[in-house]
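Asker: I am sharing upload-v9.csv, which consists of CSV, C-alpha atoms:
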```csv
chain,number,residue,atom,x,y,z
F,1,MET,CA,118.9,-4.6,-46.7
F,2,ASN,CA,117.0,-6.6,-49.2
F,3,ARG,CA,116.7,-9.4,-46.7
F,4,ILE,CA,115.4,-7.1,-44.0
F,5,ARG,CA,112.9,-5.6,-46.4
F,6,VAL,CA,111.7,-9.0,-47.3
F,7,ASP,CA,111.3,-9.9,-43.6
F,8,LEU,CA,109.4,-6.7,-43.0
F,9,GLU,CA,107.1,-7.4,-45.9
F,10,ALA,CA,106.6,-10.9,-44.6
F,11,VAL,CA,105.8,-9.5,-41.1
F,12,SER,CA,103.4,-7.1,-42.7
F,13,LEU,CA,101.7,-9.9,-44.6
F,14,VAL,CA,101.4,-12.0,-41.5
F,15,SER,CA,100.0,-9.0,-39.6
F,16,ILE,CA,97.4,-8.4,-42.4
F,17,VAL,CA,96.4,-12.0,-42.4
F,18,CYS,CA,96.0,-12.0,-38.5
F,19,GLN,CA,93.9,-8.9,-38.7
F,20,GLY,CA,91.7,-10.5,-41.3
F,21,ILE,CA,91.3,-13.6,-39.2
F,22,MET,CA,90.5,-11.5,-36.1
F,23,LEU,CA,88.0,-9.4,-38.2
F,24,ALA,CA,86.4,-12.6,-39.5
F,25,ARG,CA,86.1,-14.0,-36.0
F,26,TYR,CA,84.6,-10.7,-34.8
F,27,ARG,CA,82.1,-10.8,-37.7
F,28,LEU,CA,81.3,-14.4,-36.9
F,29,ARG,CA,80.7,-13.5,-33.3
F,30,VAL,CA,78.4,-10.7,-34.3
F,31,LEU,CA,76.5,-12.9,-36.7
F,32,THR,CA,76.2,-15.6,-34.1
F,33,VAL,CA,74.8,-13.2,-31.5
F,34,THR,CA,72.4,-11.7,-34.0
F,35,ALA,CA,71.2,-15.1,-35.1
F,36,LEU,CA,70.7,-16.2,-31.4
F,37,CYS,CA,68.7,-13.0,-30.8
F,38,LEU,CA,66.6,-13.5,-33.9
F,39,TRP,CA,66.0,-17.2,-33.0
F,40,ALA,CA,64.9,-16.2,-29.5
F,41,LEU,CA,62.5,-13.6,-30.9
F,42,ASN,CA,61.1,-16.1,-33.4
F,43,SER,CA,60.7,-18.6,-30.5
F,44,VAL,CA,58.8,-16.1,-28.4
F,45,GLU,CA,56.5,-15.3,-31.3
F,46,GLN,CA,55.8,-19.0,-31.9
F,47,ASP,CA,55.0,-19.7,-28.3
F,48,THR,CA,52.6,-16.8,-28.1
F,49,SER,CA,50.8,-17.9,-31.2
F,50,GLU,CA,50.1,-21.3,-29.7
F,51,LEU,CA,48.4,-19.8,-26.6
F,52,PRO,CA,44.7,-19.4,-26.7
F,53,LYS,CA,43.6,-16.1,-28.1
F,54,LYS,CA,42.6,-13.8,-25.4
F,55,SER,CA,38.8,-13.2,-25.4
F,56,ASP,CA,37.7,-9.7,-26.1
F,57,GLY,CA,34.8,-10.4,-23.7
F,58,VAL,CA,32.1,-9.9,-26.3
F,59,GLU,CA,31.0,-13.6,-26.3
F,60,SER,CA,31.1,-13.9,-22.6
F,61,ARG,CA,29.0,-10.7,-22.1
F,62,ASP,CA,26.5,-12.1,-24.7
F,63,ASN,CA,26.1,-15.3,-22.7
F,64,GLU,CA,25.7,-13.5,-19.5
F,65,LYS,CA,23.1,-11.2,-21.1
F,66,LYS,CA,21.2,-14.1,-22.6
F,67,ALA,CA,21.2,-15.9,-19.2
F,68,ALA,CA,20.0,-12.7,-17.5
F,69,GLU,CA,17.2,-12.3,-20.0
F,70,GLU,CA,16.0,-15.8,-19.3
F,71,GLU,CA,15.8,-15.2,-15.6
F,72,ILE,CA,12.9,-13.5,-14.0
F,73,ALA,CA,14.0,-11.0,-11.4
F,74,ILE,CA,12.3,-10.7,-8.0
F,75,ASP,CA,13.3,-8.2,-5.3
F,76,CYS,CA,12.8,-9.5,-1.7
F,77,HIS,CA,13.6,-8.4,1.8
F,78,ALA,CA,13.9,-10.4,5.0
F,79,LEU,CA,14.4,-9.4,8.7
F,80,ILE,CA,16.9,-11.4,10.6
F,81,GLU,CA,15.5,-12.8,13.9
F,82,HIS,CA,17.0,-14.4,17.0
F,83,ARG,CA,15.9,-18.0,17.4
F,84,PRO,CA,17.9,-19.8,20.1
F,85,THR,CA,18.1,-23.6,20.0
F,86,ASN,CA,19.3,-26.2,22.5
F,87,PHE,CA,22.6,-26.4,20.5
F,88,ASP,CA,23.1,-22.7,19.8
F,89,PRO,CA,21.6,-19.9,22.0
F,90,ASP,CA,22.8,-17.3,19.5
F,91,PHE,CA,21.3,-18.9,16.3
F,92,LEU,CA,19.7,-16.5,13.8
F,93,VAL,CA,17.0,-17.1,11.2
F,94,ALA,CA,15.3,-15.2,8.3
F,95,LYS,CA,12.4,-16.2,6.2
F,96,LEU,CA,11.2,-15.2,2.7
F,97,ASP,CA,7.7,-15.9,1.4
F,98,LEU,CA,7.8,-15.6,-2.4
F,99,PRO,CA,4.9,-15.2,-4.8
F,100,SER,CA,3.9,-18.3,-6.9
F,101,LEU,CA,6.7,-19.4,-9.3
F,102,ASP,CA,6.3,-21.4,-12.5
F,103,GLY,CA,7.9,-24.8,-12.7
F,104,GLY,CA,10.7,-25.1,-15.1
F,105,LYS,CA,11.4,-21.3,-15.1
F,106,LYS,CA,14.6,-19.6,-14.0
F,107,TYR,CA,14.6,-16.8,-11.3
F,108,ARG,CA,17.0,-14.3,-10.0
F,109,LEU,CA,16.2,-13.4,-6.4
F,110,ASN,CA,17.7,-10.1,-5.3
F,111,ILE,CA,17.8,-10.6,-1.6
F,112,THR,CA,18.2,-7.9,1.1
F,113,LEU,CA,18.8,-9.2,4.6
F,114,VAL,CA,18.3,-6.7,7.4
F,115,ASN,CA,20.4,-7.0,10.6
F,116,PRO,CA,18.6,-5.2,13.5
F,117,PHE,CA,21.2,-6.2,16.1
F,118,GLU,CA,24.0,-4.2,17.6
F,119,SER,CA,26.7,-6.6,16.4
F,120,SER,CA,27.6,-7.5,12.9
F,121,ILE,CA,27.0,-11.0,11.5
F,122,GLN,CA,30.2,-12.5,10.0
F,123,PHE,CA,30.2,-15.7,8.0
F,124,SER,CA,32.7,-17.7,5.9
F,125,GLY,CA,30.4,-19.0,3.3
F,126,VAL,CA,26.9,-19.9,2.2
F,127,SER,CA,25.5,-23.4,1.2
F,128,VAL,CA,22.1,-24.1,-0.3
F,129,SER,CA,19.9,-27.2,0.2
F,130,CYS,CA,19.3,-27.9,-3.5
F,131,GLY,CA,21.4,-28.2,-6.6
F,132,CYS,CA,18.8,-26.1,-8.4
F,133,ALA,CA,19.9,-23.0,-6.6
F,134,LYS,CA,23.1,-20.9,-6.6
F,135,PHE,CA,23.8,-18.4,-3.9
F,136,VAL,CA,26.1,-15.4,-4.5
F,137,ALA,CA,27.5,-13.5,-1.6
F,138,GLU,CA,30.2,-10.9,-2.5
F,139,GLY,CA,30.9,-9.8,1.1
F,140,ARG,CA,31.3,-11.9,4.3
F,141,GLU,CA,29.5,-9.7,6.7
F,142,ILE,CA,26.1,-8.2,7.4
F,143,PRO,CA,26.8,-5.0,9.3
F,144,ALA,CA,25.2,-4.1,12.7
F,145,ASN,CA,22.0,-2.1,12.3
F,146,GLY,CA,22.4,-2.4,8.6
F,147,GLN,CA,21.8,-4.7,5.6
F,148,ALA,CA,23.5,-6.7,3.0
F,149,GLU,CA,22.6,-7.6,-0.6
F,150,PHE,CA,22.7,-11.2,-2.0
F,151,VAL,CA,21.6,-12.9,-5.1
F,152,MET,CA,20.2,-16.4,-5.5
F,153,HIS,CA,19.8,-18.0,-9.0
F,154,LEU,CA,16.9,-20.5,-8.8
F,155,ASP,CA,15.8,-23.0,-11.4
F,156,VAL,CA,12.4,-24.1,-10.2
F,157,PRO,CA,12.0,-27.9,-10.6
F,158,ASN,CA,9.1,-29.0,-12.8
F,159,GLN,CA,8.3,-32.0,-10.6
F,160,ILE,CA,7.1,-31.0,-7.2
F,161,PRO,CA,4.4,-33.4,-6.0
F,162,THR,CA,3.3,-31.2,-3.1
F,163,GLY,CA,3.1,-28.0,-5.2
F,164,ARG,CA,5.2,-26.2,-2.5
F,165,GLY,CA,8.9,-25.4,-2.9
F,166,VAL,CA,11.3,-24.8,0.0
F,167,GLN,CA,14.9,-23.8,-0.2
F,168,ALA,CA,17.4,-23.2,2.7
F,169,ALA,CA,20.6,-21.1,2.6
F,170,LYS,CA,22.9,-21.8,5.6
F,171,PHE,CA,25.5,-19.2,6.5
F,172,SER,CA,28.6,-20.8,8.0
F,173,GLY,CA,30.4,-18.9,10.8
F,174,LEU,CA,34.1,-18.1,11.0
F,175,ASP,CA,34.2,-21.7,12.3
F,176,PRO,CA,32.9,-23.4,9.1
F,177,SER,CA,31.5,-26.3,11.2
F,178,LYS,CA,29.0,-24.0,12.8
F,179,ASP,CA,26.1,-22.2,11.1
F,180,VAL,CA,25.3,-18.7,12.4
F,181,LEU,CA,22.3,-17.9,10.2
F,182,MET,CA,19.7,-19.9,8.2
F,183,LEU,CA,17.6,-18.2,5.5
F,184,ARG,CA,14.4,-20.2,4.6
F,185,ILE,CA,12.7,-19.5,1.2
F,186,GLU,CA,9.2,-20.8,0.6
F,187,TYR,CA,7.0,-20.5,-2.5
F,188,ASP,CA,4.1,-22.1,-4.3
F,189,VAL,CA,4.8,-23.7,-7.6
F,190,ARG,CA,2.5,-23.4,-10.6
F,191,ASN,CA,2.4,-25.2,-14.0
F,192,VAL,CA,3.7,-28.5,-12.7
F,193,PHE,CA,2.6,-32.1,-12.3
F,194,ALA,CA,4.1,-35.2,-10.7
F,195,PHE,CA,3.4,-38.6,-9.4
F,196,THR,CA,3.1,-38.6,-5.6
F,197,ARG,CA,5.4,-41.6,-5.3
F,198,ASP,CA,8.5,-42.6,-7.2
F,199,ARG,CA,7.8,-46.3,-6.7
F,200,VAL,CA,4.6,-48.2,-6.0
F,201,LEU,CA,4.3,-51.9,-4.8
F,202,VAL,CA,1.0,-53.7,-5.3
F,203,GLU,CA,0.4,-57.2,-4.1
F,204,VAL,CA,-2.4,-58.9,-6.0
F,205,PRO,CA,-4.6,-61.2,-3.9
F,206,LYS,CA,-5.1,-64.8,-5.2
F,207,ALA,CA,-8.9,-64.5,-5.3
F,208,GLN,CA,-8.8,-61.3,-7.4
F,209,ASP,CA,-9.3,-62.1,-11.1
F,210,ILE,CA,-9.2,-58.5,-12.4
F,211,VAL,CA,-6.4,-56.3,-11.3
F,212,VAL,CA,-7.1,-52.5,-11.1
F,213,VAL,CA,-4.4,-50.2,-9.9
F,214,SER,CA,-4.8,-46.4,-9.4
F,215,LEU,CA,-1.6,-44.3,-9.2
F,216,PRO,CA,-2.2,-40.8,-7.9
F,217,PHE,CA,-0.5,-37.7,-9.2
F,218,ARG,CA,-0.8,-34.0,-8.6
F,219,ILE,CA,-1.4,-31.4,-11.3
F,220,ILE,CA,-1.3,-27.6,-10.8
F,221,ALA,CA,-2.7,-25.0,-13.2
F,222,PRO,CA,-2.3,-23.6,-15.7
F,223,ILE,CA,-1.5,-27.2,-16.9
F,224,THR,CA,-4.8,-29.1,-17.4
F,225,GLN,CA,-5.7,-32.7,-17.8
F,226,ASN,CA,-5.9,-32.1,-21.6
F,227,ASP,CA,-2.2,-31.3,-21.6
F,228,LEU,CA,-1.1,-34.7,-20.3
F,229,LYS,CA,-0.1,-37.8,-22.2
F,230,LEU,CA,0.4,-41.3,-20.7
F,231,GLU,CA,3.0,-43.9,-21.7
F,232,LEU,CA,3.3,-47.4,-20.3
F,233,GLY,CA,6.4,-49.7,-20.5
F,234,LYS,CA,6.3,-52.8,-22.6
F,235,GLU,CA,5.8,-55.1,-19.6
F,236,LEU,CA,2.4,-53.4,-19.2
F,237,SER,CA,1.3,-53.9,-22.8
F,238,ASP,CA,-1.6,-56.2,-21.8
F,239,PHE,CA,-3.0,-53.5,-19.5
F,240,SER,CA,-5.6,-50.9,-20.4
F,241,ALA,CA,-4.9,-47.5,-19.1
F,242,LYS,CA,-6.7,-44.2,-18.6
F,243,LEU,CA,-6.5,-40.9,-16.8
F,244,LEU,CA,-9.0,-40.1,-14.1
F,245,PHE,CA,-9.6,-36.8,-12.2
F,246,ASP,CA,-11.2,-35.9,-8.9
F,247,ASP,CA,-14.4,-33.9,-9.4
F,248,LYS,CA,-14.0,-32.2,-6.0
F,249,ASN,CA,-10.2,-31.5,-6.3
F,250,SER,CA,-8.9,-30.4,-9.7
F,251,GLU,CA,-5.3,-30.8,-8.5
F,252,ILE,CA,-5.7,-34.6,-8.0
F,253,GLY,CA,-5.6,-37.1,-10.8
F,254,TYR,CA,-5.0,-40.9,-11.2
F,255,VAL,CA,-3.5,-43.2,-13.7
F,256,GLN,CA,-5.7,-46.3,-13.7
F,257,ILE,CA,-4.5,-49.5,-15.3
F,258,GLU,CA,-6.5,-52.7,-15.5
F,259,ALA,CA,-5.9,-56.3,-16.7
F,260,ALA,CA,-6.7,-59.9,-15.8
F,261,ARG,CA,-4.7,-61.4,-13.0
F,262,LYS,CA,-3.5,-64.2,-15.2
F,263,VAL,CA,-1.4,-61.9,-17.4
F,264,ILE,CA,0.9,-61.2,-14.5
F,265,PRO,CA,3.9,-63.6,-14.6
F,266,ARG,CA,4.7,-65.7,-11.6
F,267,LEU,CA,7.7,-63.5,-10.7
F,268,GLY,CA,5.5,-60.3,-11.1
F,269,ILE,CA,6.1,-57.2,-13.2
F,270,VAL,CA,8.4,-54.2,-12.6
F,271,GLU,CA,7.8,-51.5,-15.2
F,272,GLU,CA,7.9,-47.7,-15.6
F,273,ILE,CA,4.9,-45.4,-16.2
F,274,VAL,CA,5.5,-42.0,-17.7
F,275,LEU,CA,3.3,-38.9,-17.6
F,276,ARG,CA,4.3,-36.3,-20.1
F,277,HIS,CA,3.2,-32.7,-21.0
F,278,ALA,CA,1.9,-33.0,-24.6
F,279,GLY,CA,3.4,-29.6,-25.6
F,280,GLY,CA,6.5,-29.4,-23.5
F,281,LYS,CA,9.5,-31.2,-22.0
F,282,ILE,CA,8.0,-31.7,-18.5
F,283,GLU,CA,7.5,-35.3,-17.5
F,284,SER,CA,7.0,-37.4,-14.3
F,285,ARG,CA,7.9,-41.1,-13.9
F,286,THR,CA,7.0,-43.8,-11.4
F,287,VAL,CA,7.9,-47.5,-11.2
F,288,LEU,CA,5.1,-50.0,-10.6
F,289,HIS,CA,5.9,-53.3,-9.0
F,290,LEU,CA,3.1,-55.8,-9.3
F,291,THR,CA,3.5,-59.1,-7.5
F,292,HIS,CA,1.3,-62.0,-6.5
F,293,ARG,CA,0.4,-61.9,-2.8
F,294,ALA,CA,2.2,-64.7,-1.0
F,295,ILE,CA,0.0,-67.2,0.8
F,296,PHE,CA,2.8,-67.5,3.3
F,297,THR,CA,6.5,-67.0,3.8
F,298,LEU,CA,8.8,-69.9,4.7
F,299,ARG,CA,12.3,-69.3,6.0
F,300,PRO,CA,14.5,-71.2,5.4
F,301,GLU,CA,13.1,-73.4,2.6
F,302,SER,CA,16.3,-75.6,2.7
F,303,LEU,CA,17.3,-77.2,5.9
F,304,ARG,CA,20.5,-78.0,7.8
F,305,LEU,CA,19.6,-81.0,9.9
F,306,ILE,CA,21.8,-81.4,13.1
F,307,TYR,CA,22.1,-84.8,14.8
F,308,ASP,CA,20.7,-85.1,18.4
F,309,SER,CA,22.4,-87.9,20.2
F,310,GLU,CA,19.8,-88.2,22.9
F,311,SER,CA,16.8,-88.7,20.6
F,312,GLU,CA,19.0,-90.2,17.9
F,313,THR,CA,17.2,-88.0,15.3
F,314,TYR,CA,18.1,-85.1,13.1
F,315,GLN,CA,16.5,-81.8,14.0
F,316,ALA,CA,16.0,-78.4,12.4
F,317,MET,CA,13.9,-75.4,12.8
F,318,ALA,CA,12.1,-73.0,10.4
F,319,MET,CA,9.6,-70.1,10.6
F,320,LEU,CA,6.4,-69.7,8.7
F,321,LYS,CA,4.6,-66.4,8.4
F,322,VAL,CA,0.9,-66.3,7.3
F,323,PRO,CA,0.0,-62.7,6.6
F,324,VAL,CA,-3.6,-61.5,7.0
F,325,ALA,CA,-4.3,-60.0,3.5
F,326,GLU,CA,-7.8,-58.7,3.9
F,327,GLU,CA,-10.1,-58.4,6.8
F,328,SER,CA,-12.7,-60.5,5.1
F,329,GLU,CA,-10.2,-63.3,4.5
F,330,ALA,CA,-9.2,-63.1,8.1
F,331,ASN,CA,-12.8,-63.5,9.2
F,332,ASP,CA,-13.3,-66.5,6.9
F,333,SER,CA,-10.3,-68.2,8.3
F,334,GLU,CA,-11.1,-67.8,11.9
F,335,LYS,CA,-12.6,-70.4,14.2
F,336,LEU,CA,-14.1,-70.4,17.7
F,337,VAL,CA,-12.0,-71.5,20.6
F,338,ASP,CA,-12.7,-71.5,24.4
F,339,GLY,CA,-12.4,-68.2,26.2
F,340,ALA,CA,-14.1,-64.8,26.3
F,341,ASP,CA,-12.8,-61.8,24.4
F,342,ARG,CA,-12.8,-58.1,25.5
F,343,LYS,CA,-16.3,-57.6,24.1
F,344,GLY,CA,-17.8,-60.5,26.1
F,345,GLY,CA,-17.9,-62.7,23.1
F,346,VAL,CA,-15.5,-65.5,22.1
F,347,VAL,CA,-11.8,-65.4,21.3
F,348,ARG,CA,-11.2,-65.9,17.6
F,349,GLU,CA,-7.9,-67.1,16.1
F,350,ARG,CA,-6.7,-68.2,12.7
F,351,VAL,CA,-6.7,-71.8,11.7
F,352,PRO,CA,-3.1,-73.0,12.1
F,353,PRO,CA,-1.5,-74.1,8.9
F,354,LYS,CA,-1.0,-77.8,8.1
F,355,VAL,CA,2.6,-78.6,7.3
F,356,GLY,CA,3.9,-81.8,5.8
F,357,LEU,CA,7.5,-82.5,5.0
F,358,ARG,CA,9.2,-85.4,3.1
F,359,ILE,CA,13.0,-85.7,3.2
F,360,GLY,CA,14.2,-88.2,0.6
F,361,ASP,CA,11.9,-91.1,0.8
F,362,GLU,CA,11.1,-90.6,4.5
F,363,VAL,CA,8.3,-88.5,6.2
F,364,ALA,CA,9.6,-86.1,8.8
F,365,ASN,CA,7.7,-85.0,11.9
F,366,VAL,CA,6.8,-81.3,12.0
F,367,VAL,CA,5.4,-79.6,15.1
F,368,VAL,CA,3.7,-76.2,14.4
F,369,THR,CA,3.7,-73.7,17.2
F,370,ARG,CA,2.2,-70.2,17.0
F,371,ARG,CA,4.5,-67.4,18.4
F,372,GLY,CA,2.3,-65.5,20.8
F,373,THR,CA,-0.6,-63.7,19.0
F,374,THR,CA,1.3,-63.0,15.8
F,375,ASP,CA,0.9,-64.7,12.5
F,376,ILE,CA,4.3,-66.3,12.8
F,377,TYR,CA,4.6,-70.1,13.4
F,378,GLN,CA,7.6,-72.0,14.6
F,379,LEU,CA,8.2,-75.3,12.8
F,380,THR,CA,10.2,-77.9,14.8
F,381,ILE,CA,11.4,-80.7,12.5
F,382,ARG,CA,12.5,-84.1,13.6
F,383,TYR,CA,13.8,-86.6,11.0
F,384,ASP,CA,14.4,-90.2,12.1
F,385,SER,CA,16.9,-91.3,9.5
F,386,PRO,CA,17.4,-95.0,9.0
F,387,GLU,CA,21.1,-94.4,9.0
F,388,ARG,CA,23.6,-91.8,10.1
F,389,LYS,CA,24.4,-89.2,7.4
F,390,SER,CA,27.7,-87.5,6.6
F,391,SER,CA,28.2,-83.8,5.9
F,392,SER,CA,28.6,-84.6,2.2
F,393,ASP,CA,25.1,-86.1,2.0
F,394,LYS,CA,22.4,-84.0,0.4
F,395,LEU,CA,18.7,-85.1,0.0
F,396,ASP,CA,15.8,-83.6,-1.7
F,397,LEU,CA,13.0,-82.3,0.5
F,398,ARG,CA,9.4,-81.5,-0.3
F,399,TRP,CA,7.2,-79.2,1.8
F,400,LYS,CA,3.4,-79.4,1.5
F,401,ILE,CA,1.8,-76.5,3.3
F,402,ASP,CA,-1.9,-75.9,3.6
F,403,VAL,CA,-3.1,-72.4,4.7
F,404,ASN,CA,-6.9,-72.0,5.0
F,405,GLY,CA,-7.5,-74.8,2.5
F,406,VAL,CA,-5.0,-73.4,-0.1
F,407,GLU,CA,-2.2,-75.9,-0.6
F,408,GLN,CA,1.3,-75.0,-1.9
F,409,VAL,CA,4.3,-77.3,-2.5
F,410,ILE,CA,7.9,-76.1,-2.1
F,411,GLU,CA,10.8,-78.3,-3.2
F,412,SER,CA,14.3,-77.7,-1.9
F,413,TYR,CA,17.1,-79.8,-0.3
F,414,ALA,CA,18.5,-80.9,3.1
F,415,ILE,CA,22.1,-81.2,4.3
F,416,PHE,CA,23.4,-82.9,7.5
F,417,SER,CA,25.7,-82.2,10.4
F,418,ASN,CA,26.7,-84.6,13.1
F,419,ARG,CA,28.0,-82.0,15.5
```
Show the structure stored in the file as structure tokens.
Answerer:
Amino acid sequence: MNRIRVDLEAVSLVSIVCQGIMLARYRLRVLTVTALCLWALNSVEQDTSELPKKSDGVESRDNEKKAAEEEIAIDCHALIEHRPTNFDPDFLVAKLDLPSLDGGKKYRLNITLVNPFESSIQFSGVSVSCGCAKFVAEGREIPANGQAEFVMHLDVPNQIPTGRGVQAAKFSGLDPSKDVLMLRIEYDVRNVFAFTRDRVLVEVPKAQDIVVVSLPFRIIAPITQNDLKLELGKELSDFSAKLLFDDKNSEIGYVQIEAARKVIPRLGIVEEIVLRHAGGKIESRTVLHLTHRAIFTLRPESLRLIYDSESETYQAMAMLKVPVAEESEANDSEKLVDGADRKGGVVRERVPPKVGLRIGDEVANVVVTRRGTTDIYQLTIRYDSPERKSSSDKLDLRWKIDVNGVEQVIESYAIFSNR
């Protein structure tokens, strides 16, 4: 009995121990699940905190309000008209003539397009001709016998040489490659100025000792000549400069620069001239390229002489162009030849240039032939070499060209070919 009691007590003890182990495992499982849940929650909270904070819209609305306050609103209407073309018999157009706009200002055009036709006008998008404009179209249809509202945000450029602005908005059809409607917007621009050309090339005649260049620009009120400031690049530091204005046309002005011809380097001058508004950010730029007028143009200056087996000489060809710079210079360089002109007088032609050529130590023969009635001359060169040359031979050559008594020397080289 005692042994049985001991065994029962042992079994009870083992049972209690097993229950404790199972309870511990259960508690461990509960704790593990709880920990995992808490870890997941903590992870979610951490990820959310790293995301950008959602805007409450106040700052965005403030920016939109500020931009809207800077824009000048204009309400405008246009009637759509049928203008068939050779490419599209159904093409439609509309035109808006706006009041004068100020250069450098921002405008909001509230546009109403009226469709008087029995069918609606459907489009897939709208493109504008200038990056200074943005077109907003909420819908994609202008209803039949109805109208549709659009908005164009326009930043008027402050450099419009003509004083006239033109914008175009093209409505693409359901086939984006085909336009169904073009809206043309025109307006005069005030308060602007600009050079009429972005780049100006001036060739200085050889006989001209003093160089005077006038660069035109356009100025539109309320800006006046007193508001303008002139700046020259450093390459023009030897030039004097001033602003001149037309007494008969207040919108036309000139930047006049002046200097002695000798201050212009042999390779010429390329420099920028800037016209600024003294009290604002408006400016206009042009590039002036001053170069000495060429007496002639020779192409090529270097020669590739090819051996002619029949004449046993080396031959080459070049072209010489002698431009007529001024009418007076042309008259001075003319001479009388036989024949009658259309006015019953005599035919006048330019004195042909005199061309001499030395290759190495030898004098080459040059035949000068005028091409028709142009100022282009063909130069046929024959070089009687004392010996055959190889393709590796290279000799110095020296051109001496006289045009109307003005002589110029050009030094280059000659190579040879026996083919």
Asker: Check the smallest atom-to-atom distance from each of F:Pro84, F:Pro216, F:Pro176, F:Pro265 to F:Leu244 using all atoms listed in the file, then report the winner.
Answerer: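 Closest to F:Leu244 of all the choices is F:Pro216.
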Asker: Residues around (6.0, -40.9, -17.5), cut-off 7 Å, counting all atoms listed in the file - what are they as a PyMOL selection string?
Answerer: chain F and resi 230-231+273-276+283-286
Asker: Take atom CA of F:Ile415 and atom CA of F:Pro386 and report the distance between them in Å, one decimal.
Answerer: 15.3 Å
Asker: Need to verify the contact set: F:Arg140, 9 Å, all atoms listed in the file, exclusion of same-chain residues closer than 5 positions in sequence. Can you return it as a PDB file with C-alpha atoms, keeping the file's coordinate frame?
Answerer:
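Saved result, result36.pdb, follows:
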```pdb
ATOM      1  CA  ILE F 121      27.000 -11.000  11.500  1.00  0.00           C
ATOM      2  CA  GLN F 122      30.200 -12.500  10.000  1.00  0.00           C
ATOM      3  CA  PHE F 123      30.200 -15.700   8.000  1.00  0.00           C
ATOM      4  CA  SER F 124      32.700 -17.700   5.900  1.00  0.00           C
ATOM      5  CA  GLY F 125      30.400 -19.000   3.300  1.00  0.00           C
TER       6      GLY F 125
END
```
Asker: Find the residues with any atom within 8 Å of (7.4, -15.9, 5.7); use all atoms listed in the file and the coordinates as given in the file, and write the answer as a ChimeraX atom specification.
Answerer: /F:95-97,185-186
Asker: I'd like the neighbourhood of stretch 351-359 of chain F as a PyMOL selection string, where a residue qualifies if any of its atoms comes within 6 Å (using only C-alpha atoms), though same-chain residues fewer than 6 positions away should be ignored.
Answerer: chain F and resi 334+397-403
Asker: Fewer than 6 positions away in the same chain doesn't count, so skip those; otherwise give me all residues within 7 Å of stretch 233-243 of chain F, counting all atoms listed in the file, as a PyMOL selection string.
Answerer: chain F and resi 254-259+269+271-273
Asker: Report, in Å with one decimal, the straight-line distance from atom CA of F:Ser391 to atom CA of F:Glu362.
Answerer: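 A separation of 18.5 Å between them.
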Asker: What does the distance between atom CA of F:Glu301 and atom CA of F:Val367 come to in Å, to one decimal place?
Answerer: 15.9 Å
Asker: Counting only C-alpha atoms, which residue out of F:Thr291, F:Ser311, F:Ser100, F:Thr380 sits closest to F:Lys206?
Answerer: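 Checking each of F:Thr291, F:Ser311, F:Ser100, F:Thr380 against F:Lys206, counting only C-alpha atoms, the winner is F:Thr291.
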Asker: Would you mind telling me which residue in F:Met319, F:Ala364, F:Leu174, F:Val114 lies nearest to F:Gly146 when using all atoms listed in the file?
Answerer: F:Val114
Asker: Write out as a ChimeraX atom specification each polymer residue whose atoms come within 9 Å of F:Leu181, counting all atoms listed in the file; drop sequence neighbours fewer than 2 positions from it.
Answerer: /F:80,91-94,121,123,169-173,179,183
Asker: May I have the selected residues written with C-alpha atoms, as a PDB file, keeping the file's coordinate frame?
Answerer:
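This went into out11.pdb:
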```
ATOM      1  CA  ILE F  80      16.900 -11.400  10.600  1.00  0.00           C
ATOM      2  CA  PHE F  91      21.300 -18.900  16.300  1.00  0.00           C
ATOM      3  CA  LEU F  92      19.700 -16.500  13.800  1.00  0.00           C
ATOM      4  CA  VAL F  93      17.000 -17.100  11.200  1.00  0.00           C
ATOM      5  CA  ALA F  94      15.300 -15.200   8.300  1.00  0.00           C
ATOM      6  CA  ILE F 121      27.000 -11.000  11.500  1.00  0.00           C
ATOM      7  CA  PHE F 123      30.200 -15.700   8.000  1.00  0.00           C
ATOM      8  CA  ALA F 169      20.600 -21.100   2.600  1.00  0.00           C
ATOM      9  CA  LYS F 170      22.900 -21.800   5.600  1.00  0.00           C
ATOM     10  CA  PHE F 171      25.500 -19.200   6.500  1.00  0.00           C
ATOM     11  CA  SER F 172      28.600 -20.800   8.000  1.00  0.00           C
ATOM     12  CA  GLY F 173      30.400 -18.900  10.800  1.00  0.00           C
ATOM     13  CA  ASP F 179      26.100 -22.200  11.100  1.00  0.00           C
ATOM     14  CA  LEU F 183      17.600 -18.200   5.500  1.00  0.00           C
TER      15      LEU F 183
END
```
Asker: Of the residues F:Ser127, F:Asp175, F:Ile306, F:Gly103, which is the one nearest to F:Tyr187, using all atoms listed in the file?
Answerer: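 Between F:Ser127, F:Asp175, F:Ile306, F:Gly103, the residue approaching F:Tyr187 most closely is F:Gly103.
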Asker: Point out the residue among F:Asp102, F:Asp209, F:Glu71, F:Glu81 with the least atom-to-atom distance to F:Ala260, counting all atoms listed in the file.
Answerer: F:Asp209
Asker: For F:Asp308, please output as a list of chain:residue names all residues within 10 Å (counting all atoms listed in the file; exclusion window: fewer than 6 positions along the same chain).
Answerer: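 The contact residues come out as F:Tyr314, F:Gln315, F:Arg382, F:Ser417, F:Asn418, F:Arg419.
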Asker: Which is closest to F:Pro222 among F:Val192, F:Ile74, F:Val406, F:Ile160, if we use only C-alpha atoms?
Answerer: F:Val192
